[in-house]
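K.L.:
query.txt (compact mmCIF, C-alpha atoms and all ligand atoms) pasted underneath:
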# COMPACT_ATOMS: atom_id res chain seq x y z
CA MET X 1 5.50 8.45 2.18
CA ALA X 2 2.83 10.57 3.77
CA SER X 3 0.99 9.42 6.86
CA GLU X 4 -2.29 7.56 6.44
CA VAL X 5 -4.22 10.34 8.12
CA SER X 6 -3.07 13.01 5.72
CA ILE X 7 -3.49 10.72 2.75
CA LEU X 8 -7.04 9.65 3.34
CA GLY X 9 -8.09 12.76 5.29
CA ARG X 10 -7.50 15.45 2.70
CA LEU X 11 -9.43 13.66 0.02
CA GLN X 12 -12.55 13.12 2.05
CA GLU X 13 -12.82 16.88 2.39
CA SER X 14 -12.32 17.47 -1.31
CA ASP X 15 -14.95 19.12 -3.44
CA PRO X 16 -16.31 16.76 -6.14
CA GLY X 17 -16.41 19.60 -8.65
CA ARG X 18 -12.90 20.76 -7.84
CA GLU X 19 -10.26 21.59 -10.40
CA ARG X 20 -8.03 18.64 -11.10
CA PRO X 21 -4.25 18.91 -10.95
CA LYS X 22 -2.47 19.60 -14.23
CA ARG X 23 -0.01 16.71 -13.86
CA PRO X 24 -0.20 14.03 -16.57
CA SER X 25 -2.42 11.12 -15.47
CA ILE X 26 0.35 8.69 -16.38
CA VAL X 27 3.80 9.84 -15.37
CA GLN X 28 6.67 8.55 -17.48
CA VAL X 29 9.98 8.36 -15.67
CA GLU X 30 13.41 8.61 -17.26
CA SER X 31 15.44 5.38 -17.39
CA PRO X 32 12.94 3.13 -15.63
CA ALA X 33 14.03 -0.32 -14.43
CA LEU X 34 11.09 -1.78 -16.28
CA SER X 35 8.41 -0.43 -18.58
CA THR X 36 5.61 -1.58 -20.85
CA ARG X 37 4.52 -0.03 -24.13
CA ASN X 38 1.03 -0.53 -25.52
CA VAL X 39 0.57 -3.93 -23.98
CA ASN X 40 -2.54 -5.88 -24.93
CA ALA X 41 -2.81 -9.25 -23.19
CA ARG X 42 -5.33 -11.97 -23.94
CA TYR X 43 -6.47 -15.28 -22.54
CA GLY X 44 -7.75 -16.91 -25.73
CA SER X 45 -9.99 -14.25 -27.29
CA PHE X 46 -10.60 -12.42 -23.98
CA LEU X 47 -8.75 -9.11 -23.81
CA ALA X 48 -7.48 -8.86 -20.22
CA LEU X 49 -5.20 -5.81 -20.65
CA ARG X 50 -5.76 -2.97 -23.10
CA ASN X 51 -2.97 -0.67 -24.18
CA VAL X 52 -1.07 -0.58 -20.91
CA SER X 53 1.99 1.67 -20.95
CA MET X 54 3.62 2.01 -17.56
CA SER X 55 7.04 2.40 -16.10
CA ALA X 56 8.60 1.44 -12.79
CA PRO X 57 11.33 3.79 -11.58
CA LEU X 58 14.70 2.26 -10.81
CA GLY X 59 15.27 1.45 -7.15
CA GLU X 60 11.80 2.53 -6.07
CA ILE X 61 8.59 0.79 -5.06
CA THR X 62 5.59 0.92 -7.38
CA ALA X 63 2.24 -0.30 -6.07
CA ILE X 64 -0.49 -1.53 -8.43
CA ILE X 65 -4.00 -1.07 -7.07
CA GLY X 66 -7.49 -1.55 -8.49
CA PRO X 67 -10.61 -3.66 -8.08
CA SER X 68 -10.65 -7.41 -8.37
CA GLY X 69 -10.44 -8.67 -11.95
CA CYS X 70 -8.96 -5.47 -13.44
CA GLY X 71 -5.81 -7.29 -14.57
CA LYS X 72 -3.27 -6.47 -11.85
CA SER X 73 -1.93 -10.03 -11.63
CA THR X 74 -2.04 -10.41 -15.40
CA LEU X 75 0.09 -7.30 -15.80
CA LEU X 76 2.53 -8.37 -13.09
CA ARG X 77 2.82 -11.89 -14.48
CA SER X 78 3.44 -10.53 -17.97
CA LEU X 79 6.51 -8.67 -16.79
CA ASN X 80 8.69 -11.75 -16.24
CA ARG X 81 6.83 -13.99 -18.69
CA ILE X 82 5.42 -16.25 -15.98
CA ASN X 83 2.10 -16.04 -17.84
CA ASP X 84 3.74 -17.84 -20.78
CA LEU X 85 2.98 -20.96 -18.75
CA ILE X 86 -0.73 -20.47 -19.55
CA PRO X 87 -1.23 -21.90 -23.05
CA SER X 88 -4.05 -19.50 -24.05
CA PHE X 89 -2.07 -16.40 -23.03
CA THR X 90 -0.82 -14.01 -25.73
CA LEU X 91 0.68 -10.56 -25.54
CA GLU X 92 1.18 -7.71 -28.00
CA GLY X 93 3.34 -4.68 -27.29
CA GLU X 94 6.63 -4.40 -25.47
CA VAL X 95 7.88 -5.13 -21.99
CA MET X 96 11.27 -3.53 -21.55
CA VAL X 97 13.75 -4.42 -18.83
CA GLY X 98 16.42 -1.80 -19.31
CA ASP X 99 16.69 -1.63 -23.08
CA GLN X 100 15.74 -5.25 -23.76
CA ASN X 101 12.24 -6.27 -24.87
CA VAL X 102 11.70 -9.43 -22.85
CA TYR X 103 9.32 -10.80 -25.49
CA ASP X 104 11.98 -10.69 -28.23
CA SER X 105 12.78 -14.07 -29.67
CA GLY X 106 16.04 -15.38 -28.29
CA VAL X 107 15.47 -14.03 -24.78
CA ASP X 108 16.53 -16.59 -22.19
CA VAL X 109 13.34 -16.84 -20.15
CA ALA X 110 14.97 -18.71 -17.25
CA SER X 111 17.54 -15.91 -16.79
CA LEU X 112 14.80 -13.30 -17.13
CA ARG X 113 12.82 -14.93 -14.31
CA ARG X 114 15.90 -14.95 -12.11
CA ARG X 115 16.59 -11.31 -12.76
CA VAL X 116 12.91 -10.40 -12.36
CA GLY X 117 11.92 -12.50 -9.35
CA MET X 118 8.46 -13.03 -7.93
CA LEU X 119 6.70 -13.43 -4.58
CA PHE X 120 3.19 -14.81 -4.46
CA GLN X 121 0.24 -14.41 -2.14
CA ARG X 122 0.93 -17.76 -0.47
CA PRO X 123 4.61 -18.14 0.35
CA ALA X 124 5.93 -20.99 -1.75
CA PRO X 125 9.17 -22.36 -0.30
CA PHE X 126 10.47 -25.48 -2.01
CA PRO X 127 10.07 -28.73 -0.02
CA MET X 128 13.68 -28.75 1.13
CA SER X 129 15.78 -27.18 3.87
CA ILE X 130 16.02 -23.46 4.61
CA TYR X 131 19.63 -23.48 3.38
CA ASP X 132 18.80 -25.35 0.17
CA ASN X 133 15.96 -22.97 -0.59
CA VAL X 134 18.21 -19.93 -0.47
CA VAL X 135 20.94 -21.39 -2.68
CA TYR X 136 18.58 -23.17 -5.07
CA SER X 137 19.49 -21.14 -8.16
CA LEU X 138 23.18 -20.96 -7.34
CA ARG X 139 23.23 -24.75 -7.22
CA LEU X 140 21.59 -24.86 -10.65
CA ASP X 141 24.69 -23.06 -11.91
CA GLY X 142 26.64 -25.94 -10.42
CA ARG X 143 29.90 -24.11 -9.91
CA GLN X 144 29.70 -22.55 -6.48
CA SER X 145 31.98 -23.52 -3.62
CA LYS X 146 30.59 -24.29 -0.18
CA ALA X 147 32.14 -21.04 1.09
CA VAL X 148 30.21 -19.02 -1.51
CA LEU X 149 26.99 -20.86 -0.72
CA ASP X 150 27.45 -20.31 3.03
CA GLU X 151 28.20 -16.64 2.52
CA THR X 152 25.15 -16.21 0.28
CA VAL X 153 22.85 -17.91 2.78
CA GLU X 154 24.00 -15.69 5.62
CA ARG X 155 23.96 -12.47 3.57
CA CYS X 156 20.51 -13.05 2.08
CA LEU X 157 18.95 -14.21 5.35
CA GLN X 158 20.45 -11.16 7.06
CA GLN X 159 19.00 -8.95 4.34
CA THR X 160 15.55 -10.38 4.99
CA ALA X 161 15.92 -10.20 8.79
CA LEU X 162 15.60 -13.96 9.12
CA TRP X 163 19.17 -14.94 10.02
CA ASP X 164 18.86 -14.64 13.79
CA GLU X 165 15.64 -16.64 13.77
CA VAL X 166 16.94 -19.58 11.72
CA LYS X 167 20.76 -19.66 11.92
CA ASP X 168 20.65 -22.66 14.28
CA ARG X 169 18.36 -24.72 12.07
CA LEU X 170 19.44 -24.05 8.49
CA LYS X 171 19.07 -27.73 7.63
CA ALA X 172 15.47 -27.89 8.92
CA ALA X 173 12.59 -28.06 6.45
CA ALA X 174 11.51 -24.64 5.17
CA THR X 175 7.89 -25.73 5.36
CA GLY X 176 8.19 -25.77 9.18
CA LEU X 177 8.59 -21.97 9.28
CA SER X 178 5.69 -19.62 9.99
CA GLY X 179 3.95 -17.97 7.02
CA GLY X 180 5.75 -14.68 7.60
CA GLN X 181 9.11 -16.43 7.89
CA GLN X 182 8.37 -18.42 4.73
CA GLN X 183 7.63 -15.22 2.82
CA ARG X 184 10.92 -13.70 4.05
CA LEU X 185 12.69 -16.91 3.00
CA CYS X 186 11.19 -16.64 -0.48
CA LEU X 187 12.44 -13.07 -0.62
CA ALA X 188 15.91 -14.26 0.43
CA ARG X 189 15.75 -16.85 -2.36
CA THR X 190 14.99 -14.23 -5.01
CA LEU X 191 17.86 -12.04 -3.73
CA ALA X 192 20.25 -15.01 -3.80
CA ALA X 193 19.17 -15.71 -7.38
CA GLY X 194 20.35 -12.20 -8.25
CA SER X 195 16.97 -10.55 -8.81
CA ASP X 196 17.21 -6.78 -9.02
CA ILE X 197 13.54 -6.41 -9.87
CA ILE X 198 11.06 -8.15 -7.58
CA LEU X 199 7.38 -8.56 -8.43
CA MET X 200 5.07 -9.17 -5.48
CA ASP X 201 1.45 -10.25 -5.91
CA GLU X 202 -0.36 -9.47 -2.65
CA PRO X 203 2.61 -10.82 -0.66
CA CYS X 204 1.02 -10.01 2.71
CA ALA X 205 -2.51 -11.25 2.00
CA ALA X 206 -1.96 -14.44 4.00
CA LEU X 207 0.07 -12.81 6.79
CA ASP X 208 -0.82 -11.37 10.19
CA PRO X 209 -0.31 -7.61 10.78
CA ILE X 210 3.09 -7.99 12.46
CA SER X 211 4.49 -10.20 9.70
CA THR X 212 3.00 -7.74 7.20
CA LEU X 213 4.84 -4.82 8.79
CA ARG X 214 8.10 -6.76 8.73
CA ILE X 215 7.73 -7.38 5.01
CA GLU X 216 6.94 -3.70 4.46
CA GLU X 217 10.02 -2.68 6.47
CA LEU X 218 12.14 -5.03 4.38
CA MET X 219 10.75 -3.58 1.19
CA ARG X 220 11.78 -0.10 2.34
CA GLU X 221 15.25 -1.40 3.24
CA LEU X 222 15.71 -3.20 -0.06
CA CYS X 223 14.53 -0.45 -2.38
CA GLY X 224 17.48 1.46 -3.69
CA THR X 225 19.25 -1.78 -4.48
CA VAL X 226 16.20 -3.47 -5.98
CA THR X 227 13.16 -2.21 -7.84
CA ILE X 228 9.88 -3.52 -6.43
CA ILE X 229 6.46 -3.73 -8.05
CA ILE X 230 3.75 -4.81 -5.61
CA VAL X 231 0.10 -5.60 -6.26
CA THR X 232 -1.95 -4.89 -3.18
CA HIS X 233 -5.63 -4.68 -2.27
CA ASN X 234 -4.68 -2.75 0.82
CA LEU X 235 -4.73 0.96 0.01
CA GLN X 236 -3.10 1.83 3.32
CA GLN X 237 -0.28 -0.54 2.43
CA ALA X 238 0.15 1.12 -0.97
CA ALA X 239 0.19 4.53 0.73
CA ARG X 240 2.63 3.41 3.43
CA VAL X 241 5.13 1.50 1.39
CA SER X 242 5.23 2.72 -2.20
CA ASP X 243 6.88 5.65 -3.93
CA TYR X 244 4.66 5.40 -7.03
CA THR X 245 1.16 4.02 -7.47
CA ALA X 246 -0.53 2.66 -10.58
CA PHE X 247 -4.34 2.55 -10.55
CA MET X 248 -6.06 0.10 -12.89
CA LEU X 249 -9.71 -0.33 -13.74
CA MET X 250 -11.80 -2.46 -16.05
CA GLY X 251 -12.80 -0.59 -19.18
CA GLU X 252 -14.92 -1.60 -22.14
CA GLY X 253 -15.41 -5.36 -22.44
CA ARG X 254 -13.93 -5.81 -18.94
CA ALA X 255 -10.41 -5.23 -20.28
CA GLY X 256 -7.96 -3.90 -17.70
CA GLU X 257 -6.66 -0.40 -18.32
CA LEU X 258 -4.15 1.81 -16.56
CA VAL X 259 -6.03 4.91 -15.40
CA GLU X 260 -3.38 6.78 -13.45
CA LEU X 261 0.24 6.40 -12.44
CA GLY X 262 2.09 8.91 -10.35
CA ARG X 263 3.90 9.63 -7.13
CA THR X 264 2.00 7.97 -4.30
CA ASP X 265 1.86 11.05 -2.08
CA GLU X 266 0.51 13.18 -4.95
CA MET X 267 -1.96 10.57 -6.14
CA PHE X 268 -3.46 9.89 -2.73
CA ALA X 269 -3.64 13.58 -1.79
CA ASP X 270 -4.71 14.94 -5.15
CA PRO X 271 -5.54 12.42 -7.89
CA VAL X 272 -5.69 13.58 -11.50
CA ASP X 273 -8.58 11.32 -12.56
CA LYS X 274 -12.01 11.36 -10.92
CA ARG X 275 -12.12 7.54 -11.10
CA THR X 276 -8.95 7.32 -9.03
CA GLU X 277 -10.46 9.62 -6.45
CA ASP X 278 -13.66 7.55 -6.31
CA TYR X 279 -11.65 4.39 -5.76
CA ILE X 280 -9.30 5.66 -3.10
CA THR X 281 -12.06 7.37 -1.13
CA GLY X 282 -14.19 4.22 -1.24
CA ARG X 283 -16.87 5.69 -3.50
CA PHE X 284 -16.12 3.16 -6.23
CA GLY X 285 -18.88 0.89 -7.54
N1 LIG P 1 -5.63 -18.23 -16.60
C1 LIG P 1 -6.64 -17.47 -17.00
N2 LIG P 1 -7.44 -17.86 -18.01
C2 LIG P 1 -8.47 -17.10 -18.43
N3 LIG P 1 -8.79 -15.90 -17.91
C3 LIG P 1 -8.03 -15.46 -16.91
C4 LIG P 1 -6.92 -16.20 -16.40
N4 LIG P 1 -6.35 -15.50 -15.40
C5 LIG P 1 -7.07 -14.36 -15.28
N5 LIG P 1 -8.07 -14.34 -16.18
C6 LIG P 1 -9.05 -13.25 -16.37
O1 LIG P 1 -8.36 -12.04 -16.64
C7 LIG P 1 -8.96 -10.94 -15.94
C8 LIG P 1 -7.92 -10.30 -15.06
O2 LIG P 1 -7.55 -11.23 -14.02
P1 LIG P 1 -6.41 -10.91 -12.98
O3 LIG P 1 -6.21 -12.15 -12.19
O4 LIG P 1 -5.25 -10.34 -13.69
O5 LIG P 1 -7.10 -9.77 -12.09
P2 LIG P 1 -6.64 -9.12 -10.73
O6 LIG P 1 -6.75 -7.64 -10.89
O7 LIG P 1 -5.34 -9.66 -10.32
O8 LIG P 1 -7.79 -9.61 -9.71
P3 LIG P 1 -7.69 -9.94 -8.15
O9 LIG P 1 -7.61 -8.60 -7.48
O10 LIG P 1 -8.99 -10.62 -7.85
O11 LIG P 1 -6.49 -10.80 -7.91
C9 LIG P 1 -10.15 -11.52 -15.18
O12 LIG P 1 -11.30 -11.31 -15.95
C10 LIG P 1 -9.82 -13.00 -15.08
O13 LIG P 1 -10.99 -13.76 -15.03
MG MG P 2 -4.67 -10.83 -8.69
Represent the structure of the file as structure tokens.
Ligand SMILES: Nc1ncnc2c1ncn2[C@@H]1O[C@H](COP(=O)(O)OP(=O)(O)OP(=O)(O)O)[C@@H](O)[C@H]1O
Ligand SMILES: [Mg+2]
P.N.:
Amino acid sequence: MASEVSILGRLQESDPGRERPKRPSIVQVESPALSTRNVNARYGSFLALRNVSMSAPLGEITAIIGPSGCGKSTLLRSLNRINDLIPSFTLEGEVMVGDQNVYDSGVDVASLRRRVGMLFQRPAPFPMSIYDNVVYSLRLDGRQSKAVLDETVERCLQQTALWDEVKDRLKAAATGLSGGQQQRLCLARTLAAGSDIILMDEPCAALDPISTLRIEELMRELCGTVTIIIVTHNLQQAARVSDYTAFMLMGEGRAGELVELGRTDEMFADPVDKRTEDYITGRFG
């Protein structure tokens, strides 16, 4: 992670006619946690994603940036098949988690969504206690002892830096927590469910700056053990928190395309594609 000053400073001085770096515009990593190959996604006849091939390195944080409507959420929601819930949604191509195409027939979608968990813009705790939220999926398995549930609650709330704040009121309603606490609780719930890939769609958009920083700190602590893909409108956040950045843009017919994917420090200091440079220096549109 480079500092914000170096990231945004160097580019503003750059010469528009400069030579571009020779790196590939879309970096492919070896053994990614998750990858897509030639994904086209549609809502009815509308093509929302065109030919997206991306990969998310194992144990690292990948940020997805790009203007509103370019398909960031559609891409994210395709990765754990949450978009299957939209009847008009169809997808061609492959989404690989490890060596499994998650769109193969016979894939257990419920297990997939546990393994590839999700945080949304508005924290969405279930209308039940803090404790019950964390152990929700373990209870669905129906075979966990109270000792295992207790241990999981403490471990996952410790991991999300919430334990000290809530240990005396585990049976209180989760909806009584602050927005930032609710988002950390939702993160604890995905960890308890066993997610090792976590998708986050603007998880800090509804949070104040201090709660935002706490989530970012947690993301840095968790990466290594989990792989994180985060959609963010906040370029500084992408620069601060991510190891890799994917830049998307609307192409022909307003279909979302992946323009560039690379190491965050390299992309922000020296983008390969002129369109990436225009976007991250604020010259876009
Ligand atoms: N359920 C839906 N039905 C039909 N079209 C949709 C649906 N969801 C999204 N779209 C369309 O797909 C395109 C991509 O939307 P998407 O929400 O993925 O963009 P985004 O990059 O996440 O935008 P934002 O930054 O505003 O959240 C848009 O043109 C949008 O109108
Ligand atoms: Mg979105």
K.L.:
Output as JSON lines one row per residue of chain X within 7 Å of ligand MG 2 (chain P): the closest atom pair and its distance in Å to one decimal place, counting only C-alpha atoms and all ligand atoms, sorted by chain and residue number ascending.
P.N.:
{"residue": "X:Ser68", "atom": "CA", "partner": "P:MG2", "partner_atom": "MG", "distance": 6.9}
{"residue": "X:Gly69", "atom": "CA", "partner": "P:MG2", "partner_atom": "MG", "distance": 7.0}
{"residue": "X:Gly71", "atom": "CA", "partner": "P:MG2", "partner_atom": "MG", "distance": 7.0}
{"residue": "X:Lys72", "atom": "CA", "partner": "P:MG2", "partner_atom": "MG", "distance": 5.6}
{"residue": "X:Ser73", "atom": "CA", "partner": "P:MG2", "partner_atom": "MG", "distance": 4.1}
{"residue": "X:Asp201", "atom": "CA", "partner": "P:MG2", "partner_atom": "MG", "distance": 6.7}
K.L.:
Would you give me, as CSV, each residue of stretch 188-217 of chain X having an atom within 6 Å of an atom of stretch 103-120 of chain X, along with its shortest atom pair and that distance in Å to one decimal, using all atoms listed in the file and sorting by chain and residue number?
P.N.:
residue,atom,partner,partner_atom,distance
X:Thr190,CA,X:Gly117,CA,5.6
X:Ala193,CA,X:Arg114,CA,5.8
X:Gly194,CA,X:Arg115,CA,5.9
X:Ser195,CA,X:Arg115,CA,4.0
X:Asp196,CA,X:Arg115,CA,5.9
X:Ile197,CA,X:Val116,CA,4.7
X:Ile198,CA,X:Gly117,CA,4.8
X:Leu199,CA,X:Met118,CA,4.6
X:Met200,CA,X:Leu119,CA,4.6
X:Asp201,CA,X:Phe120,CA,5.1
X:Pro203,CA,X:Phe120,CA,5.5
K.L.:
Please write out the residues within 12 Å of ligand LIG 1 (chain P) as number ranges by chain, counting only C-alpha atoms and all ligand atoms.
P.N.:
X: 40-50, 64-78, 82-90, 120-121, 200-203, 205, 230-234, 247-251, 253-258
K.L.:
Go ahead and write the residues just picked, C-alpha atoms, as a PDB file, in the coordinates of the input.
P.N.:
ATOM      1  CA  ASN X  40      -2.540  -5.880 -24.930  1.00  0.00           C
ATOM      2  CA  ALA X  41      -2.810  -9.250 -23.190  1.00  0.00           C
ATOM      3  CA  ARG X  42      -5.330 -11.970 -23.940  1.00  0.00           C
ATOM      4  CA  TYR X  43      -6.470 -15.280 -22.540  1.00  0.00           C
ATOM      5  CA  GLY X  44      -7.750 -16.910 -25.730  1.00  0.00           C
ATOM      6  CA  SER X  45      -9.990 -14.250 -27.290  1.00  0.00           C
ATOM      7  CA  PHE X  46     -10.600 -12.420 -23.980  1.00  0.00           C
ATOM      8  CA  LEU X  47      -8.750  -9.110 -23.810  1.00  0.00           C
ATOM      9  CA  ALA X  48      -7.480  -8.860 -20.220  1.00  0.00           C
ATOM     10  CA  LEU X  49      -5.200  -5.810 -20.650  1.00  0.00           C
ATOM     11  CA  ARG X  50      -5.760  -2.970 -23.100  1.00  0.00           C
ATOM     12  CA  ILE X  64      -0.490  -1.530  -8.430  1.00  0.00           C
ATOM     13  CA  ILE X  65      -4.000  -1.070  -7.070  1.00  0.00           C
ATOM     14  CA  GLY X  66      -7.490  -1.550  -8.490  1.00  0.00           C
ATOM     15  CA  PRO X  67     -10.610  -3.660  -8.080  1.00  0.00           C
ATOM     16  CA  SER X  68     -10.650  -7.410  -8.370  1.00  0.00           C
ATOM     17  CA  GLY X  69     -10.440  -8.670 -11.950  1.00  0.00           C
ATOM     18  CA  CYS X  70      -8.960  -5.470 -13.440  1.00  0.00           C
ATOM     19  CA  GLY X  71      -5.810  -7.290 -14.570  1.00  0.00           C
ATOM     20  CA  LYS X  72      -3.270  -6.470 -11.850  1.00  0.00           C
ATOM     21  CA  SER X  73      -1.930 -10.030 -11.630  1.00  0.00           C
ATOM     22  CA  THR X  74      -2.040 -10.410 -15.400  1.00  0.00           C
ATOM     23  CA  LEU X  75       0.090  -7.300 -15.800  1.00  0.00           C
ATOM     24  CA  LEU X  76       2.530  -8.370 -13.090  1.00  0.00           C
ATOM     25  CA  ARG X  77       2.820 -11.890 -14.480  1.00  0.00           C
ATOM     26  CA  SER X  78       3.440 -10.530 -17.970  1.00  0.00           C
ATOM     27  CA  ILE X  82       5.420 -16.250 -15.980  1.00  0.00           C
ATOM     28  CA  ASN X  83       2.100 -16.040 -17.840  1.00  0.00           C
ATOM     29  CA  ASP X  84       3.740 -17.840 -20.780  1.00  0.00           C
ATOM     30  CA  LEU X  85       2.980 -20.960 -18.750  1.00  0.00           C
ATOM     31  CA  ILE X  86      -0.730 -20.470 -19.550  1.00  0.00           C
ATOM     32  CA  PRO X  87      -1.230 -21.900 -23.050  1.00  0.00           C
ATOM     33  CA  SER X  88      -4.050 -19.500 -24.050  1.00  0.00           C
ATOM     34  CA  PHE X  89      -2.070 -16.400 -23.030  1.00  0.00           C
ATOM     35  CA  THR X  90      -0.820 -14.010 -25.730  1.00  0.00           C
ATOM     36  CA  PHE X 120       3.190 -14.810  -4.460  1.00  0.00           C
ATOM     37  CA  GLN X 121       0.240 -14.410  -2.140  1.00  0.00           C
ATOM     38  CA  MET X 200       5.070  -9.170  -5.480  1.00  0.00           C
ATOM     39  CA  ASP X 201       1.450 -10.250  -5.910  1.00  0.00           C
ATOM     40  CA  GLU X 202      -0.360  -9.470  -2.650  1.00  0.00           C
ATOM     41  CA  PRO X 203       2.610 -10.820  -0.660  1.00  0.00           C
ATOM     42  CA  ALA X 205      -2.510 -11.250   2.000  1.00  0.00           C
ATOM     43  CA  ILE X 230       3.750  -4.810  -5.610  1.00  0.00           C
ATOM     44  CA  VAL X 231       0.100  -5.600  -6.260  1.00  0.00           C
ATOM     45  CA  THR X 232      -1.950  -4.890  -3.180  1.00  0.00           C
ATOM     46  CA  HIS X 233      -5.630  -4.680  -2.270  1.00  0.00           C
ATOM     47  CA  ASN X 234      -4.680  -2.750   0.820  1.00  0.00           C
ATOM     48  CA  PHE X 247      -4.340   2.550 -10.550  1.00  0.00           C
ATOM     49  CA  MET X 248      -6.060   0.100 -12.890  1.00  0.00           C
ATOM     50  CA  LEU X 249      -9.710  -0.330 -13.740  1.00  0.00           C
ATOM     51  CA  MET X 250     -11.800  -2.460 -16.050  1.00  0.00           C
ATOM     52  CA  GLY X 251     -12.800  -0.590 -19.180  1.00  0.00           C
ATOM     53  CA  GLY X 253     -15.410  -5.360 -22.440  1.00  0.00           C
ATOM     54  CA  ARG X 254     -13.930  -5.810 -18.940  1.00  0.00           C
ATOM     55  CA  ALA X 255     -10.410  -5.230 -20.280  1.00  0.00           C
ATOM     56  CA  GLY X 256      -7.960  -3.900 -17.700  1.00  0.00           C
ATOM     57  CA  GLU X 257      -6.660  -0.400 -18.320  1.00  0.00           C
ATOM     58  CA  LEU X 258      -4.150   1.810 -16.560  1.00  0.00           C
TER      59      LEU X 258
END
K.L.:
Go through X:Ser25, X:Arg189, X:Gln236, X:Leu170 one by one, measure the shortest atom-to-atom distance of each to X:Asp270 using only C-alpha atoms, and give the residue with the smallest value.
P.N.:
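Of X:Ser25, X:Arg189, X:Gln236, X:Leu170, the one nearest X:Asp270, counting only C-alpha atoms, is X:Ser25.
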K.L.:
State, in Å with one decimal place, the distance from atom CA of X:Thr245 to atom CA of X:Ala124.
P.N.:
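Going from atom CA of X:Thr245 over to atom CA of X:Ala124 covers 26.1 Å.
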K.L.:
Report, as AutoDock Vina command-line options, the axis-aligned box around all atoms of stretch 106-118 of chain X present in the file, extended by 8 Å on each side; give centre and edge lengths in Å to one decimal place.
P.N.:
--center_x 13.0 --center_y -14.6 --center_z -18.1 --size_x 25.1 --size_y 24.3 --size_z 36.4
K.L.:
At what distance in Å, to one decimal, does atom CA of X:Leu191 lie from atom CA of X:Asp141?
P.N.:
15.3 Å
